[in-house]
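Down below is the structure, laid out as structure tokens.
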Amino acid sequence: MRRLLPLLLLFALASSAAAQDQATRIRQLRRLLISKNVDERLDAVQILSTIDARASIRTLEEAVKRSVSDMEKLAKPFDKLDVEWHEAGVGVRTAREKGDDISRRLWEAELQRVDTKWNALNRQLKTHLRLVLAVEKAFKRFNSPDAVDVLLEGARRESNPLLRQIYITALGRPALTRAVPMLMELLDRNDGRIRAHAVRALEPYLAMPGVLDRVLLLADDKQWPVRLGAYQVIVNAPLKVAVPFFVKAAREERGEMAQAVDSYLEALTGQSFRGRTSAWGQWWDENRRAFMLDTYRRVEKAHLPEGSKTRTTFFQVPIESQKLVFCIDLSFSMEAEMSLDDPVTNQLLEQHQLGRTRHGYAKAELIRALRELPDGAYFNIVAFSDSARKLSGRMLKLNVSTRRRAIRWIMRQKLGQLTNIWGALHAAFNNFHSLATGASAFKDLPDTIIFLTDGTPTRGRFQQRRSLTQLVGLWNRSLDIVIHCVGMGRGHDSILLEALALQNGGYYVDLTRGRRMPDRRTRPVPVAVRALSYEYRVEQARLALRKGTRQKRLWAARELRDCGRAARKAIPDLIRVLGDPEADVREAVAMTLAGFGKPSVEPLIGALRQKDNEAVITAAKTLGKLGPDAAAAVPALTKLLTDKVPLVAAAAARALGDIGASAGKALPMLVAAMDSENEDLKDAATAAVKKIVKESADD
């Protein structure tokens with residue numbers, strides 16, 4: 001009942017929107033933002049994001065600052081609960097071993113108390129994160145002149161690094177040409193974080209006078225995230241400008257940055273030298289004239305001469321970077337026995353008297369990588385279990401002395417108990433959003449993180465997959481740090497590691513199954529260039545959907561997403577794999593179908609009649625992603641609200657809520673579903689009613 005009261009208040013606010021004065025509405029919503037109830041704050045933020053006004057942005061800014069402050073205040077109690085939880089767990093195990101039932105029950109009661117309190121705090125943290133992400137999304141929607149004035153002012157003067165990032169990235173929209181002078185001004189700031197955000201925001205304005213010339217100057221910037229941001233903009237320039245620029249950069253860049261340049265050149269020209277960037281100079285001498293005369297034609301099937309890839313690896317992950325951080329799991333489960341058929345690593349095990357255990361192999365492989373990395377590369381190590389520990393507060397330049405120091409340090413590290421994945425990633429990203437030390441920490445960021453674990457998150461402020469991937473996405477928004485992931489043992493969270501690797505351009509290696517995710521994320525290239533090969537790519541993707549392995553089906557769904565209108569002929573093939581046994585394939589298919597818009601609606605309505613529950617759920621989710629364009633599916637989705645399978649009914653309810661005001665005819669059935677005994681359906685129906693009522697009132 002307590003939760004329903006603020007919802008009723010929000011319904012009332014939304015319903016009377018047309019009659020209320022805008023300023024009065026914002027004042028009423030601000031009262032909810034002061035509330036200690038984080039859910040109420042999030043609800044208020046979602047309504048404020050629909051009011052395109054100066055006061056809305058100021059109020060949302062206050063909400064972000066309050067949430068960031070509250071998250072910092074929760075840090076100490078959260079860490080204290082982590083310690084208490086560990087102590088209670090040890091107490092339970094000890095009492096069981098001794099056969100002391102009284103002590104065991106007391107410790108179990110303590111464990112239950114701590115667990116309840118921990119879950120409550122964790123829920124608050126997750127909601128604060130959702131609030132920050134909701135504000136980030138909302139800022140990109142504001143277009144009124146007064147609202148844009150506030151965005152410009154915030155980008156120029158905001159001191160909070162996270163909020164400033166949100167302000168600057170919100171300016172990266174084609175419609176806001178007023179933002180160009182401001183973004184150009186920000187490129188002259190001393191703080192590299194500001195330059196990195198600003199140059200990426202300039203991408204939509206590349207054709208405007210002076211923008212390309214200014215971005216080209218950033219090729220000499222000392223901080224790699226700024227240069228990488230410039231490369232992401234310049235790849236959209238005319239070929240006769242972009243290609244010679246990248247050929248020059250290929251001669252100058254090293255490590256992971258050289259790989260980025262190589263991938264852009266391959267995308268623009270169709271030519272591949274397998275990472276051998278030195279070959280581009282000769283290639284350019286042979287093809288310069290064709291580019292200058294606009295007679296060059298992109299190679300459809302690239303010639304692949306023998307290249308010289310790096311010989312430095314870490315569990316099958318090729319190390320191209322010369323500025324990287326290793327994150328090594330040293331939780332208790334790493335004591336498990338293991339065996340690898342690798343003579344070099346096995347020799348290191350004997351040399352350093354390491355057992356044939358997971359942590360023994362992890363340490364031996366790390367020692368091998370440190371020995372193979374060239375002198376002059378920069379590195380750091382994060383060892384994590386209950387907490388995260390760093391070899392050094394700064395990146396170290398690799399030489400005989402630092403190599404010896406690193407090996408001694410990793411050999412001294414003892415196993416802990418739990419797995420704090422959040423703590424390890426937070427340490428690897430160097431806390432560069434800090435107000436006090438963020439600017440200096442930004443200069444010391446790696447361009448690559450290699451992350452190894454054998455478990456799932458069991459300690460730390462964030463432990464859910466979605467929260468961890470969202471948080472890393474927020475940190476990495478204007479950095480593009482590559483994250484490679486290595487999983488040991490059958491107990492590691494393969495879904496989380498694969499998501500982190502895929503989202504951040506890295507490899508994922510599963511040592512238990514002996515496989516490596518073969519393809520890293522391709523870097524974006526201009527639509528005009530991609531269009532040259534659309535037909536060929538669509539046919540290859542359709543073939544992979546019909547007969548391919550899991551990895552090929554996943555690739556095919558994502559490939560079709562990039563092919564635009566040309567890929568619509570593949571809609572029937574995508575519909576056939578809506579019930580794919582692999583969750584990531586289903587999600588990729590849903591995203592691709594949603595990208596086609598209205599042409600997908602009728603085939604998806606047909607898919608709702610399938611007997612395969614997974615296919616029906618995925619079809620419903622996809623229709624929800626289409627929003628009002630899926631209005632024709634409302635009758636079919638409404639019928640599913642009474643389905644015998646609660647997951648199907650809940651998916652239909654969420655889809656109706658996402659369709660919004662166009663799903664108004666479904667309200668009676670949704671209201672009835674709010675009384676369902678199934679909690680998932682009940683929650684989905686409640687959320688859907690709220691969305692439909694709010695959007696109907698706004699219309």
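Here, A, B, ... name the chains of the structure tokens in the order displayed, residue numbers run from 1 inside each chain, and ligands are numbered from 1 in the same displayed order.
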Please extract the residues of segment 244-371 of chain A with a backbone DSSP assignment of strand (DSSP E or B) and present them as a ChimeraX atom specification.
/A:313-314,317-318,323-329,337,357
Gln259 of chain A surroundings by only C-alpha atoms, 9 Å radius, close-in-sequence under 6 positions cut, as number ranges by chain
A: 250, 253, 275-277, 320-321
Just all heavy atoms for this one: save the residues we selected as an mmCIF file, in the first residue's frame.
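Contents of out.cif, freshly written:
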data_model
loop_
_atom_site.group_PDB
_atom_site.id
_atom_site.type_symbol
_atom_site.label_atom_id
_atom_site.label_comp_id
_atom_site.auth_asym_id
_atom_site.auth_seq_id
_atom_site.Cartn_x
_atom_site.Cartn_y
_atom_site.Cartn_z
ATOM 1 N N ALA A 250 48.943 5.121 -38.828
ATOM 2 C CA ALA A 250 49.413 3.734 -38.695
ATOM 3 C C ALA A 250 50.924 3.680 -38.485
ATOM 4 O O ALA A 250 51.434 2.761 -37.837
ATOM 5 C CB ALA A 250 49.029 2.932 -39.932
ATOM 6 N N GLU A 253 51.239 5.252 -34.442
ATOM 7 C CA GLU A 253 50.621 4.637 -33.274
ATOM 8 C C GLU A 253 51.258 3.287 -32.952
ATOM 9 O O GLU A 253 51.833 2.624 -33.819
ATOM 10 C CB GLU A 253 49.117 4.450 -33.482
ATOM 11 C CG GLU A 253 48.320 5.749 -33.558
ATOM 12 C CD GLU A 253 48.171 6.416 -32.196
ATOM 13 O OE1 GLU A 253 48.811 5.975 -31.224
ATOM 14 O OE2 GLU A 253 47.402 7.395 -32.119
ATOM 15 N N GLY A 275 46.755 -6.907 -39.078
ATOM 16 C CA GLY A 275 47.360 -6.186 -37.962
ATOM 17 C C GLY A 275 48.768 -5.700 -38.219
ATOM 18 O O GLY A 275 49.371 -5.077 -37.352
ATOM 19 N N ARG A 276 49.320 -5.952 -39.411
ATOM 20 C CA ARG A 276 50.678 -5.499 -39.705
ATOM 21 C C ARG A 276 50.605 -4.070 -40.233
ATOM 22 O O ARG A 276 50.604 -3.812 -41.438
ATOM 23 C CB ARG A 276 51.331 -6.431 -40.726
ATOM 24 C CG ARG A 276 52.838 -6.218 -40.867
ATOM 25 C CD ARG A 276 53.431 -7.197 -41.855
ATOM 26 N NE ARG A 276 52.869 -6.986 -43.193
ATOM 27 C CZ ARG A 276 53.204 -7.706 -44.257
ATOM 28 N NH1 ARG A 276 54.056 -8.702 -44.123
ATOM 29 N NH2 ARG A 276 52.672 -7.465 -45.430
ATOM 30 N N THR A 277 50.556 -3.115 -39.348
ATOM 31 C CA THR A 277 50.301 -1.717 -39.724
ATOM 32 C C THR A 277 51.407 -1.124 -40.582
ATOM 33 O O THR A 277 51.165 -0.182 -41.342
ATOM 34 C CB THR A 277 50.118 -0.859 -38.457
ATOM 35 O OG1 THR A 277 51.255 -1.049 -37.597
ATOM 36 C CG2 THR A 277 48.867 -1.256 -37.701
ATOM 37 N N GLU A 320 47.958 -6.879 -27.906
ATOM 38 C CA GLU A 320 48.449 -5.858 -28.829
ATOM 39 C C GLU A 320 48.831 -4.586 -28.079
ATOM 40 O O GLU A 320 49.620 -3.784 -28.559
ATOM 41 C CB GLU A 320 47.363 -5.524 -29.863
ATOM 42 C CG GLU A 320 46.789 -6.720 -30.599
ATOM 43 C CD GLU A 320 47.751 -7.330 -31.600
ATOM 44 O OE1 GLU A 320 48.833 -6.750 -31.808
ATOM 45 O OE2 GLU A 320 47.429 -8.389 -32.162
ATOM 46 N N SER A 321 48.253 -4.416 -26.906
ATOM 47 C CA SER A 321 48.402 -3.168 -26.158
ATOM 48 C C SER A 321 49.795 -2.995 -25.570
ATOM 49 O O SER A 321 50.488 -3.962 -25.261
ATOM 50 C CB SER A 321 47.380 -3.126 -25.016
ATOM 51 O OG SER A 321 47.618 -2.028 -24.174
#
Nearest to Ala336 of chain A, chosen from A:Asn678, A:Thr549, A:Gln322, A:Thr357, with only C-alpha atoms counted in the distances
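Once distances to Ala336 of chain A are computed over only C-alpha atoms, the minimum belongs to A:Thr357.
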Contacts of Gly627 of chain A within 10 Å, only C-alpha atoms, excl. fewer than 3 positions in-chain, as a list in words
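Here the answer would be Ala594, Gly597, Thr622, Leu623, Gly624, Ala630, Ala631, Ala655, Leu656, Gly657, Asp658, Ile659, Gly660, Ala661, Ser662 and Ala663 of chain A.
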I need the residues from that last selection saved to file as a short mmCIF file (atom, residue, chain, number, x, y, z; two decimals), in the first residue's frame (with N, CA, C and O atoms), if you can.
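Printed below is out.cif as written:
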data_model
loop_
_atom_site.label_atom_id
_atom_site.label_comp_id
_atom_site.auth_asym_id
_atom_site.auth_seq_id
_atom_site.Cartn_x
_atom_site.Cartn_y
_atom_site.Cartn_z
N ALA A 594 13.65 -5.02 -34.38
CA ALA A 594 13.15 -3.72 -33.91
C ALA A 594 13.73 -2.59 -34.76
O ALA A 594 13.06 -1.59 -35.01
N GLY A 597 11.71 -1.43 -37.88
CA GLY A 597 10.50 -0.63 -37.71
C GLY A 597 9.24 -1.35 -38.15
O GLY A 597 9.08 -2.56 -37.98
N THR A 622 10.23 -7.72 -28.77
CA THR A 622 10.59 -6.95 -29.97
C THR A 622 9.50 -5.95 -30.31
O THR A 622 9.78 -4.80 -30.66
N LEU A 623 8.25 -6.38 -30.22
CA LEU A 623 7.14 -5.46 -30.48
C LEU A 623 7.17 -4.30 -29.49
O LEU A 623 6.88 -3.15 -29.85
N GLY A 624 7.54 -4.59 -28.25
CA GLY A 624 7.66 -3.52 -27.26
C GLY A 624 8.73 -2.52 -27.64
O GLY A 624 8.56 -1.31 -27.47
N ALA A 630 4.13 -0.39 -33.21
CA ALA A 630 3.57 -1.74 -33.08
C ALA A 630 2.12 -1.72 -32.64
O ALA A 630 1.61 -2.70 -32.10
N ALA A 631 1.41 -0.62 -32.85
CA ALA A 631 0.02 -0.50 -32.38
C ALA A 631 -0.87 -1.61 -32.94
O ALA A 631 -1.81 -2.07 -32.29
N ALA A 655 5.30 -5.43 -23.17
CA ALA A 655 5.25 -4.92 -24.54
C ALA A 655 4.14 -3.88 -24.69
O ALA A 655 4.33 -2.83 -25.32
N LEU A 656 2.97 -4.15 -24.11
CA LEU A 656 1.86 -3.19 -24.17
C LEU A 656 2.25 -1.87 -23.50
O LEU A 656 1.92 -0.79 -23.99
N GLY A 657 2.95 -1.97 -22.36
CA GLY A 657 3.40 -0.75 -21.70
C GLY A 657 4.37 0.03 -22.56
O GLY A 657 4.31 1.27 -22.62
N ASP A 658 5.26 -0.67 -23.26
CA ASP A 658 6.23 0.02 -24.12
C ASP A 658 5.57 0.63 -25.35
O ASP A 658 6.06 1.63 -25.88
N ILE A 659 4.48 0.04 -25.82
CA ILE A 659 3.76 0.62 -26.95
C ILE A 659 3.12 1.95 -26.54
O ILE A 659 3.00 2.88 -27.34
N GLY A 660 2.70 2.04 -25.27
CA GLY A 660 2.25 3.32 -24.73
C GLY A 660 0.79 3.63 -24.99
O GLY A 660 -0.08 2.74 -24.93
N ALA A 661 0.52 4.89 -25.28
CA ALA A 661 -0.87 5.36 -25.40
C ALA A 661 -1.65 4.58 -26.45
O ALA A 661 -2.87 4.41 -26.33
N SER A 662 -0.98 4.09 -27.48
CA SER A 662 -1.67 3.33 -28.54
C SER A 662 -2.24 2.01 -28.03
O SER A 662 -3.03 1.37 -28.71
N ALA A 663 -1.81 1.60 -26.84
CA ALA A 663 -2.31 0.35 -26.26
C ALA A 663 -3.43 0.61 -25.25
O ALA A 663 -3.71 -0.24 -24.40
#
Which of A:Ala75, A:Val83, A:Met338, A:Ala583 sits closest to Leu125 of chain A [using only C-alpha atoms]:
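Counting only C-alpha atoms, the residue closest to Leu125 of chain A is A:Ala75.
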Check which residues of segment 330-440 of chain A sit at most 6 Å from segment 453-467 of chain A using only C-alpha atoms, and return one row each with the closest pair of atoms and their distance in Å to one decimal, ordered by chain and rising number, as JSON lines.
{"residue": "A:Leu418", "atom": "CA", "partner": "A:Thr458", "partner_atom": "CA", "distance": 5.8}
{"residue": "A:Thr419", "atom": "CA", "partner": "A:Thr458", "partner_atom": "CA", "distance": 5.2}
{"residue": "A:Asn420", "atom": "CA", "partner": "A:Arg459", "partner_atom": "CA", "distance": 4.6}
{"residue": "A:Ile421", "atom": "CA", "partner": "A:Pro457", "partner_atom": "CA", "distance": 5.6}
{"residue": "A:Trp422", "atom": "CA", "partner": "A:Gly460", "partner_atom": "CA", "distance": 5.7}
Could you check the closest approach to Pro318 of chain A for each of A:Leu186, A:Ile450, A:Leu202, A:Leu497 and tell me which residue wins, using only C-alpha atoms?
A:Ile450
Residues near Arg558 of chain A, cut-off 10 Å, only C-alpha atoms, skip fewer than 6 positions along chain, as JSON, numbers by chain
{"A": [541, 552, 585, 588, 589, 591, 592]}
Segment 125-337 of chain A: residues DSSP assigns to helix (DSSP H, G or I), reported as a PyMOL selection string
chain A and resi 125-139+145-157+161-170+179-186+192-201+203-205+211-220+224-234+239-252+255-269+277-292+332-335
Among listed residues A:Gln470, A:Gln112, A:Asn380, A:Ser385, nearest Met334 of chain A (using only C-alpha atoms)
A:Ser385
Select, from A:Lys80, A:Arg156, A:Arg251, A:Lys36, the residue with the minimum atom-to-atom distance to His128 of chain A, counting only C-alpha atoms.
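Counting only C-alpha atoms, the residue closest to His128 of chain A is A:Lys36.
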Closest of A:Leu171, A:Leu391, A:Leu415, A:Leu176 to Ser331 of chain A - atom-to-atom distances counting only C-alpha atoms:
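Once distances to Ser331 of chain A are computed over only C-alpha atoms, the minimum belongs to A:Leu415.
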